[in-house]
>>> print(open('my_file18.cif').read())   # mmCIF, C-alpha atoms
data_protein
#
loop_
_atom_site.label_atom_id
_atom_site.label_comp_id
_atom_site.auth_asym_id
_atom_site.auth_seq_id
_atom_site.Cartn_x
_atom_site.Cartn_y
_atom_site.Cartn_z
CA MET A 216 87.05 -4.56 -115.26
CA ILE A 217 90.34 -4.26 -117.14
CA ALA A 218 88.49 -2.89 -120.14
CA PHE A 219 86.81 -0.29 -117.96
CA VAL A 220 90.12 0.80 -116.44
CA PHE A 221 91.75 0.88 -119.86
CA PHE A 222 89.13 3.07 -121.48
CA LEU A 223 89.05 5.38 -118.48
CA ALA A 224 92.84 5.78 -118.42
CA ALA A 225 93.10 6.12 -122.19
CA ALA A 226 90.39 8.79 -122.26
CA ALA A 227 92.05 10.66 -119.40
CA ALA A 228 95.43 10.48 -121.15
CA LEU A 229 94.04 11.79 -124.43
CA VAL A 230 92.01 14.55 -122.78
CA GLY A 231 95.08 15.58 -120.83
CA ALA A 232 97.18 15.63 -123.99
CA LEU A 233 94.61 17.81 -125.74
CA GLY A 234 94.59 20.05 -122.68
CA VAL A 235 98.36 20.48 -122.87
CA VAL A 236 98.07 21.61 -126.47
CA LEU A 237 94.95 23.74 -126.14
CA ALA A 238 95.36 25.46 -122.77
CA ARG A 239 96.34 29.10 -123.13
CA ASN A 240 98.04 29.29 -119.75
CA PRO A 241 101.32 27.33 -119.42
CA VAL A 242 100.50 26.38 -115.82
CA HIS A 243 97.29 24.72 -117.00
CA SER A 244 99.31 22.90 -119.64
CA ALA A 245 101.63 21.59 -116.92
CA LEU A 246 98.68 20.34 -114.85
CA PHE A 247 97.15 18.63 -117.88
CA LEU A 248 100.56 17.07 -118.46
CA VAL A 249 100.39 15.57 -114.95
CA GLN A 250 97.00 14.08 -115.80
CA THR A 251 98.38 12.48 -118.95
CA LEU A 252 101.48 11.14 -117.22
CA VAL A 253 99.52 9.53 -114.40
CA SER A 254 97.06 8.03 -116.90
CA VAL A 255 99.96 6.58 -118.88
CA ALA A 256 101.26 5.12 -115.62
CA VAL A 257 97.91 3.35 -115.23
CA LEU A 258 98.27 2.05 -118.78
CA PHE A 259 101.74 0.78 -117.83
CA LEU A 260 100.17 -1.12 -114.95
CA LEU A 261 97.72 -2.75 -117.31
CA ARG A 262 100.66 -4.04 -119.39
CA ASP A 263 102.49 -5.56 -116.42
CA ALA A 264 105.07 -2.78 -116.07
CA GLU A 265 104.69 -2.16 -112.35
CA LEU A 266 108.14 -0.71 -111.78
CA LEU A 267 107.83 1.64 -114.71
CA ALA A 268 104.45 2.85 -113.50
CA ALA A 269 106.01 3.79 -110.16
CA VAL A 270 108.98 5.43 -111.85
CA GLN A 271 106.66 7.30 -114.18
CA VAL A 272 104.77 8.83 -111.27
CA ILE A 273 107.86 9.54 -109.17
CA VAL A 274 110.22 10.86 -111.83
CA TYR A 275 107.94 12.24 -114.51
CA ALA A 276 104.78 13.40 -112.81
CA SER A 277 106.62 14.74 -109.79
CA ALA A 278 110.19 15.72 -110.55
CA ILE A 279 110.01 16.79 -114.17
CA VAL A 280 106.66 18.58 -113.94
CA VAL A 281 107.76 20.36 -110.77
CA LEU A 282 110.80 21.52 -112.72
CA PHE A 283 108.50 22.81 -115.47
CA VAL A 284 106.27 24.67 -113.04
CA PHE A 285 109.31 26.04 -111.27
CA VAL A 286 110.67 27.50 -114.50
CA ILE A 287 107.24 28.87 -115.42
CA MET A 288 107.06 30.69 -112.10
CA LEU A 289 110.71 31.77 -112.26
CA LEU A 290 110.28 33.35 -115.66
CA GLY A 291 106.83 34.72 -115.02
CA VAL A 292 105.49 33.46 -118.32
CA ASP A 293 102.22 32.27 -116.79
CA ARG A 294 100.18 34.52 -119.03
CA ALA A 295 98.37 33.69 -122.19
CA GLU A 296 100.33 33.84 -125.39
CA SER A 297 99.16 35.63 -128.47
CA MET A 298 97.57 33.28 -130.91
CA GLU A 299 98.20 35.07 -134.19
CA ASP A 300 100.81 33.39 -136.35
CA ARG A 301 103.64 34.99 -138.18
CA ILE A 302 103.03 32.57 -141.03
CA PRO A 303 99.28 32.68 -141.72
CA TYR A 304 98.94 29.11 -142.94
CA GLN A 305 100.99 27.60 -140.10
CA ARG A 306 98.08 26.25 -138.06
CA PRO A 307 96.18 24.48 -140.86
CA ALA A 308 99.45 23.14 -142.18
CA ALA A 309 100.25 21.76 -138.73
CA PHE A 310 96.86 20.05 -138.50
CA ALA A 311 97.26 18.58 -141.98
CA LEU A 312 100.72 17.28 -141.10
CA GLY A 313 99.36 15.84 -137.87
CA ILE A 314 96.62 13.97 -139.68
CA VAL A 315 99.14 12.65 -142.20
CA LEU A 316 101.37 11.54 -139.34
CA LEU A 317 98.51 9.77 -137.58
CA LEU A 318 97.48 7.99 -140.77
CA GLU A 319 101.06 6.92 -141.37
CA ILE A 320 101.35 5.45 -137.89
CA LEU A 321 97.99 3.70 -138.16
CA VAL A 322 98.87 2.24 -141.57
CA LEU A 323 102.09 0.97 -140.08
CA ALA A 324 100.04 -0.41 -137.21
CA GLY A 325 97.89 -2.35 -139.60
CA HIS A 326 100.71 -3.74 -141.68
CA GLU A 327 104.03 -3.74 -139.89
CA TRP A 328 103.22 -3.92 -136.21
CA ALA A 329 102.54 -7.62 -136.41
CA THR A 330 105.24 -8.68 -134.02
CA GLY A 331 107.78 -11.33 -134.78
CA GLN A 332 109.82 -13.59 -132.57
CA HIS A 333 111.52 -12.23 -129.53
CA THR A 334 115.08 -13.01 -128.66
CA ALA A 335 115.78 -16.43 -127.27
CA ARG A 336 117.73 -15.11 -124.28
CA GLY A 337 115.11 -12.58 -123.25
CA VAL A 338 113.61 -12.63 -119.79
CA PRO A 339 109.84 -13.10 -120.08
CA LEU A 340 107.33 -10.94 -118.27
CA HIS A 341 105.90 -13.86 -116.33
CA GLY A 342 107.10 -17.28 -115.32
CA GLY A 343 110.50 -18.82 -115.70
CA GLY A 344 111.43 -18.40 -112.06
CA PHE A 345 112.77 -14.86 -112.30
CA GLY A 346 110.76 -13.34 -109.49
CA GLY A 347 108.76 -10.13 -109.68
CA ASN A 348 108.79 -7.31 -112.20
CA VAL A 349 111.50 -5.33 -110.40
CA GLU A 350 113.77 -8.35 -110.29
CA ARG A 351 113.25 -9.08 -113.97
CA VAL A 352 113.98 -5.51 -115.03
CA ALA A 353 117.05 -5.42 -112.80
CA ARG A 354 118.34 -8.71 -114.18
CA VAL A 355 118.18 -7.47 -117.77
CA LEU A 356 119.37 -3.97 -116.89
CA PHE A 357 122.52 -5.16 -115.14
CA THR A 358 123.43 -7.90 -117.58
CA ASP A 359 122.42 -7.29 -121.19
CA PHE A 360 122.19 -3.52 -120.87
CA LEU A 361 125.08 -2.93 -118.48
CA TRP A 362 127.12 -0.90 -120.96
CA ALA A 363 124.17 1.33 -121.79
CA PHE A 364 123.43 1.68 -118.09
CA GLU A 365 126.95 2.87 -117.34
CA THR A 366 126.76 5.25 -120.28
CA THR A 367 123.66 6.91 -118.83
CA ALA A 368 125.79 7.94 -115.84
CA VAL A 369 128.07 9.84 -118.23
CA LEU A 370 125.04 11.35 -119.95
CA LEU A 371 123.59 12.59 -116.68
CA VAL A 372 126.89 14.14 -115.60
CA ILE A 373 127.16 15.92 -118.96
CA ALA A 374 123.56 17.13 -118.66
CA VAL A 375 124.06 18.48 -115.14
CA VAL A 376 127.30 20.27 -116.05
CA GLY A 377 125.70 21.64 -119.22
CA ALA A 378 122.65 22.89 -117.34
CA VAL A 379 124.82 24.67 -114.77
CA VAL A 380 126.99 26.25 -117.46
CA LEU A 381 123.97 27.38 -119.46
CA ALA A 382 121.93 28.73 -116.58
CA ARG A 383 124.56 30.71 -114.71
CA ARG A 384 125.21 34.29 -115.59
CA SER A 385 128.12 34.97 -117.88
CA GLY A 386 131.42 35.21 -116.07
CA ARG A 387 131.65 38.97 -115.53
CA ARG A 388 131.54 40.20 -111.96
CA ASP A 389 130.97 43.90 -112.52
CA GLY A 390 127.22 43.62 -112.29
CA ALA A 391 126.68 44.75 -115.84
CA PRO A 392 123.57 43.29 -117.45
CA ASP A 393 123.92 40.74 -120.16
CA ASP A 394 124.15 42.02 -123.68
CA GLU A 395 120.77 42.62 -125.15
CA VAL A 396 120.55 40.99 -128.52
CA THR A 397 118.30 43.15 -130.62
CA ALA A 398 116.52 41.54 -133.47
CA MET B 57 78.33 -6.43 -125.79
CA THR B 58 79.09 -5.01 -122.41
CA LEU B 59 82.28 -3.23 -121.58
CA ALA B 60 83.45 -5.95 -119.23
CA ALA B 61 83.39 -8.50 -122.02
CA TYR B 62 85.94 -6.53 -124.04
CA THR B 63 89.38 -8.07 -124.31
CA ILE B 64 92.02 -5.38 -124.27
CA THR B 65 94.80 -6.38 -126.65
CA ASP B 66 98.16 -4.73 -127.18
CA THR B 67 96.83 -3.03 -130.31
CA TYR B 68 94.60 -0.80 -128.19
CA PHE B 69 97.65 0.51 -126.38
CA LEU B 70 99.48 1.10 -129.65
CA VAL B 71 96.54 3.12 -130.98
CA VAL B 72 96.45 5.24 -127.81
CA ALA B 73 100.20 5.78 -128.15
CA ALA B 74 99.78 6.82 -131.79
CA LEU B 75 97.10 9.34 -130.83
CA LEU B 76 99.24 10.73 -128.01
CA PHE B 77 102.22 11.06 -130.32
CA THR B 78 100.16 12.87 -132.94
CA ILE B 79 98.68 15.29 -130.41
CA GLY B 80 102.16 16.03 -129.13
CA ALA B 81 103.53 16.58 -132.63
CA VAL B 82 100.69 18.96 -133.56
CA GLY B 83 101.30 20.80 -130.29
CA VAL B 84 104.97 21.28 -131.09
CA LEU B 85 104.01 22.63 -134.51
CA THR B 86 101.26 25.00 -133.38
CA ARG B 87 102.24 26.36 -129.97
CA LYS B 88 104.65 29.27 -129.69
CA ASN B 89 105.48 29.24 -126.01
CA VAL B 90 108.76 27.33 -125.79
CA LEU B 91 107.82 25.75 -122.46
CA VAL B 92 104.58 24.36 -123.85
CA MET B 93 106.43 23.07 -126.90
CA PHE B 94 108.72 21.30 -124.46
CA MET B 95 105.75 19.71 -122.69
CA CYS B 96 104.48 18.49 -126.05
CA VAL B 97 107.86 16.86 -126.67
CA GLU B 98 107.39 15.10 -123.34
CA LEU B 99 104.00 13.89 -124.58
CA MET B 100 105.66 12.41 -127.66
CA LEU B 101 108.31 10.71 -125.51
CA ASN B 102 105.58 9.24 -123.33
CA ALA B 103 103.74 7.90 -126.35
CA VAL B 104 106.90 6.09 -127.43
CA ASN B 105 107.34 4.74 -123.90
CA LEU B 106 103.82 3.37 -124.04
CA THR B 107 104.63 1.71 -127.35
CA PHE B 108 107.70 0.08 -125.84
CA VAL B 109 105.71 -1.25 -122.90
CA ALA B 110 102.97 -2.57 -125.17
CA PHE B 111 105.54 -4.37 -127.32
CA ALA B 112 107.26 -5.75 -124.24
CA HIS B 113 103.91 -7.29 -123.33
CA ALA B 114 103.26 -8.50 -126.87
CA LEU B 115 106.68 -10.14 -127.17
CA ASP B 116 106.72 -11.32 -123.55
CA ASP B 117 110.20 -9.88 -123.11
CA VAL B 118 111.12 -7.51 -120.32
CA ALA B 119 113.82 -5.79 -122.43
CA GLY B 120 111.23 -3.35 -123.77
CA GLN B 121 110.64 -2.07 -120.26
CA VAL B 122 114.37 -1.64 -119.75
CA ILE B 123 114.52 0.54 -122.86
CA VAL B 124 111.83 2.76 -121.32
CA PHE B 125 114.19 3.24 -118.41
CA PHE B 126 116.80 4.68 -120.70
CA THR B 127 114.20 6.87 -122.35
CA LEU B 128 113.32 8.25 -118.93
CA VAL B 129 116.97 9.03 -118.23
CA VAL B 130 117.36 10.78 -121.57
CA ALA B 131 114.13 12.70 -120.97
CA ALA B 132 115.34 13.87 -117.57
CA ALA B 133 118.66 15.03 -119.03
CA GLU B 134 116.83 16.72 -121.90
CA VAL B 135 114.53 18.60 -119.53
CA ALA B 136 117.45 19.78 -117.40
CA VAL B 137 119.41 21.11 -120.37
CA GLY B 138 116.37 22.40 -122.23
CA LEU B 139 115.01 24.38 -119.31
CA ALA B 140 118.48 25.82 -118.72
CA ILE B 141 118.53 26.94 -122.36
CA ILE B 142 115.07 28.50 -121.97
CA VAL B 143 116.18 30.35 -118.83
CA ALA B 144 119.29 31.62 -120.64
CA ILE B 145 117.21 32.78 -123.62
CA PHE B 146 114.66 34.44 -121.39
CA ARG B 147 117.36 36.28 -119.48
CA ARG B 148 118.55 37.88 -122.71
CA ARG B 149 115.30 38.38 -124.61
CA ARG B 150 112.55 38.81 -121.98
CA HIS B 151 110.34 36.57 -124.07
CA ALA B 152 109.94 32.85 -124.32
CA THR B 153 108.08 32.40 -127.57
CA ALA B 154 109.52 30.74 -130.62
CA ASP B 155 108.66 33.72 -132.82
CA ASP B 156 111.10 35.92 -130.89
CA LEU B 157 114.02 33.62 -131.61
CA ASP B 158 114.74 34.91 -135.08
CA ALA B 159 118.28 36.22 -134.63
CA LEU B 160 119.47 33.95 -137.45
CA LYS B 161 116.68 34.99 -139.80
CA GLY B 162 118.02 36.06 -143.17
#
>>> encode(input="my_file18.cif", output="C-alpha cells")
Amino acid sequence: MIAFVFFLAAAAALVGALGVVLARNPVHSALFLVQTLVSVAVLFLLRDAELLAAVQVIVYASAIVVLFVFVIMLLGVDRAESMEDRIPYQRPAAFALGIVLLLEILVLAGHEWATGQHTARGVPLHGGGFGGNVERVARVLFTDFLWAFETTAVLLVIAVVGAVVLARRSGRRDGAPDDEVTA
Amino acid sequence: MTLAAYTITDTYFLVVAALLFTIGAVGVLTRKNVLVMFMCVELMLNAVNLTFVAFAHALDDVAGQVIVFFTLVVAAAEVAVGLAIIVAIFRRRRHATADDLDALKG
C-alpha cells in the first residue's frame, strides 16, 4: 500500500514538474505547480512529516501559488511566450547541463549519501516520550533553533518592507508615467 | 514481485528529489518568462525540502523537518520580493521575459 502511494505521488510530482517546465501558458504552469506541491506533501506524509505536509498545502499550494496566479492576472502575461532563443544553442546546452547535474547528484547519492550518526541530543521521529509530530517539531524549533526562529521574524519584516517599496509607484505625485527605459 | 511487496526506502525519496531538482534547474535555464522561471526555482526549493525530510527520516532526527520550516519562510519571503521586482520591471518595460532585461548588455 505504501509503495503504491509512493509511486503514485512520485509520478504525479514528476509529471507536474515537467508540466511546469513545458506548458506554454503561465497559468497552466501554476496549476501544474500545485499538482507537484500537493504530491510532495503526500511524500512528506510517507516520511512521517505530518506537520510539514499540512504546512506545504496551506502555505505553498494555497498562498504562494495564489500569489503567482494573482501576479499573472495582474500583469496580463497569460499568453504563450515565443520559443525562439536569442542564443541558438541555449536549449541543447541547458539539457546537457541538466543531465550533467542529474548524474552528479546521482553519483553523490551512490557514494556520499550514506548517512552517518545523528546528533546525540536530537529529538527522534518516534518514541522517547515526546508526543506527536507537531510537539516534536515545536520542541526543537523553540529550543535548539530559537535564534534562527527569531531571525526569520526579521527576515519577514525586511521582505514585506522591501516588497512594498519595490511594488509602489515611484514617489512623484504629478501623475507622470514612469520613465521608459529604452534598450 | 508485486507492488505491495516493495519496501520504500529513503533512497527512493532522494532519487525523486534529485529528478525534481534537475527538472527545475533545466526549466530555469530554458524558459524565458520570468514568472515561470520563478516557479521552477520553487520546484528546486521543494526538491531540497524533500531531501531534508528524507534525511530526517533516515537519521531519525526531527531537526531536518525544522530546517524545512526555515526553507518555507525563506521561500515565502523570496516570492514576495521576487514578484514585487517582476511587477516593477513589468511596469517599466511592458514585458516579463528574461530576454528583454538586457539594459546592462555591453
>>> closest_residue(input="my_file18.cif", among="B:Thr63, B:Thr127, B:Thr86, B:Thr153", to="A:Pro303", atoms="only C-alpha atoms")
B:Thr86
>>> atom_distance(input="my_file18.cif", atom1="atom CA of B:Ala74", atom2="atom CA of A:Phe259")
15.3 Å
>>> resolve_selection(input="my_file18.cif", expression="the PyMOL selection byres ((chain B) within 6 of (chain A))", output="PyMOL selection string")
chain B and resi 60+62+64+78+82-83+85-86+115-118+133+137+140+144+148+159
>>> atom_distance(input="my_file18.cif", atom1="atom CA of B:Lys161", atom2="atom CA of B:Arg149")
15.6 Å
>>> resolve_selection(input="my_file18.cif", expression="the PyMOL selection byres ((chain B and resi 89) around 7)", output="ChimeraX atom specification")
/A:296 /B:87-88,90-93,152-154
>>> closest_residue(input="my_file18.cif", among="B:Ala114, B:Ala131, B:Val71, B:Gln121", to="B:Leu99", atoms="all atoms listed in the file")
B:Ala131
>>> closest_residue(input="my_file18.cif", among="B:Ile79, B:Phe126, B:Arg150, B:His113", to="B:Glu98", atoms="all atoms listed in the file")
B:Ile79
>>> atom_distance(input="my_file18.cif", atom1="atom CA of B:Phe108", atom2="atom CA of B:Ile123")
7.5 Å
>>> residues_near_point(input="my_file18.cif", point="(100.3, 3.6, -128.8)", cutoff="9 Å", atoms="all atoms listed in the file", output="list in words")
Asp66, Thr67, Tyr68, Phe69, Leu70, Val71, Val72, Ala73, Ala74, Leu75, Leu76, Phe77, Ala103, Val104, Asn105, Leu106, Thr107, Phe108 and Ala110 of chain B
>>> write_last_selection(input="my_file18.cif", atoms="C-alpha atoms", output="JSON list (two decimals), in the coordinates of the input")
[["chain", "number", "residue", "atom", "x", "y", "z"],
["B", 66, "ASP", "CA", 98.16, -4.73, -127.18],
["B", 67, "THR", "CA", 96.83, -3.03, -130.31],
["B", 68, "TYR", "CA", 94.60, -0.80, -128.19],
["B", 69, "PHE", "CA", 97.65, 0.51, -126.38],
["B", 70, "LEU", "CA", 99.48, 1.10, -129.65],
["B", 71, "VAL", "CA", 96.54, 3.12, -130.98],
["B", 72, "VAL", "CA", 96.45, 5.24, -127.81],
["B", 73, "ALA", "CA", 100.20, 5.78, -128.15],
["B", 74, "ALA", "CA", 99.78, 6.82, -131.79],
["B", 75, "LEU", "CA", 97.10, 9.34, -130.83],
["B", 76, "LEU", "CA", 99.24, 10.73, -128.01],
["B", 77, "PHE", "CA", 102.22, 11.06, -130.32],
["B", 103, "ALA", "CA", 103.74, 7.90, -126.35],
["B", 104, "VAL", "CA", 106.90, 6.09, -127.43],
["B", 105, "ASN", "CA", 107.34, 4.74, -123.90],
["B", 106, "LEU", "CA", 103.82, 3.37, -124.04],
["B", 107, "THR", "CA", 104.63, 1.71, -127.35],
["B", 108, "PHE", "CA", 107.70, 0.08, -125.84],
["B", 110, "ALA", "CA", 102.97, -2.57, -125.17]]
>>> build_atoms(input="my_file18.cif", residues="stretch 352-377 of chain A", atoms="N, CA and C atoms", output="CSV table (one decimal), keeping the file's coordinate frame")
chain,number,residue,atom,x,y,z
A,352,VAL,N,113.4,-6.7,-114.4
A,352,VAL,CA,114.0,-5.5,-115.0
A,352,VAL,C,115.4,-5.4,-114.6
A,353,ALA,N,115.7,-5.6,-113.3
A,353,ALA,CA,117.0,-5.4,-112.8
A,353,ALA,C,118.0,-6.4,-113.4
A,354,ARG,N,117.5,-7.7,-113.6
A,354,ARG,CA,118.3,-8.7,-114.2
A,354,ARG,C,118.8,-8.3,-115.6
A,355,VAL,N,117.8,-7.8,-116.4
A,355,VAL,CA,118.2,-7.5,-117.8
A,355,VAL,C,119.0,-6.2,-117.8
A,356,LEU,N,118.7,-5.3,-116.9
A,356,LEU,CA,119.4,-4.0,-116.9
A,356,LEU,C,120.8,-4.1,-116.5
A,357,PHE,N,121.1,-5.0,-115.6
A,357,PHE,CA,122.5,-5.2,-115.1
A,357,PHE,C,123.3,-6.3,-115.8
A,358,THR,N,122.7,-6.9,-116.8
A,358,THR,CA,123.4,-7.9,-117.6
A,358,THR,C,123.5,-7.5,-119.0
A,359,ASP,N,122.4,-7.6,-119.8
A,359,ASP,CA,122.4,-7.3,-121.2
A,359,ASP,C,122.7,-5.8,-121.5
A,360,PHE,N,122.1,-5.0,-120.6
A,360,PHE,CA,122.2,-3.5,-120.9
A,360,PHE,C,123.2,-2.8,-120.0
A,361,LEU,N,124.2,-3.5,-119.5
A,361,LEU,CA,125.1,-2.9,-118.5
A,361,LEU,C,125.9,-1.8,-119.1
A,362,TRP,N,126.3,-1.9,-120.3
A,362,TRP,CA,127.1,-0.9,-121.0
A,362,TRP,C,126.3,0.4,-121.2
A,363,ALA,N,125.1,0.2,-121.6
A,363,ALA,CA,124.2,1.3,-121.8
A,363,ALA,C,123.9,2.0,-120.4
A,364,PHE,N,123.7,1.1,-119.4
A,364,PHE,CA,123.4,1.7,-118.1
A,364,PHE,C,124.6,2.5,-117.6
A,365,GLU,N,125.8,2.1,-117.8
A,365,GLU,CA,127.0,2.9,-117.3
A,365,GLU,C,127.0,4.2,-118.2
A,366,THR,N,126.7,4.1,-119.4
A,366,THR,CA,126.8,5.2,-120.3
A,366,THR,C,125.8,6.3,-119.8
A,367,THR,N,124.6,5.9,-119.3
A,367,THR,CA,123.7,6.9,-118.8
A,367,THR,C,124.2,7.7,-117.7
A,368,ALA,N,125.2,7.1,-116.9
A,368,ALA,CA,125.8,7.9,-115.8
A,368,ALA,C,126.6,9.1,-116.5
A,369,VAL,N,127.3,8.8,-117.5
A,369,VAL,CA,128.1,9.8,-118.2
A,369,VAL,C,127.1,10.9,-118.8
A,370,LEU,N,126.0,10.4,-119.4
A,370,LEU,CA,125.0,11.4,-120.0
A,370,LEU,C,124.5,12.3,-118.9
A,371,LEU,N,124.2,11.7,-117.7
A,371,LEU,CA,123.6,12.6,-116.7
A,371,LEU,C,124.6,13.6,-116.2
A,372,VAL,N,125.9,13.2,-116.1
A,372,VAL,CA,126.9,14.1,-115.6
A,372,VAL,C,127.0,15.3,-116.6
A,373,ILE,N,127.1,14.9,-117.9
A,373,ILE,CA,127.2,15.9,-119.0
A,373,ILE,C,126.0,16.9,-118.9
A,374,ALA,N,124.8,16.3,-118.7
A,374,ALA,CA,123.6,17.1,-118.7
A,374,ALA,C,123.6,18.1,-117.5
A,375,VAL,N,124.0,17.6,-116.3
A,375,VAL,CA,124.1,18.5,-115.1
A,375,VAL,C,125.1,19.6,-115.3
A,376,VAL,N,126.3,19.2,-115.8
A,376,VAL,CA,127.3,20.3,-116.0
A,376,VAL,C,126.8,21.3,-117.1
A,377,GLY,N,126.2,20.7,-118.2
A,377,GLY,CA,125.7,21.6,-119.2
A,377,GLY,C,124.6,22.6,-118.7
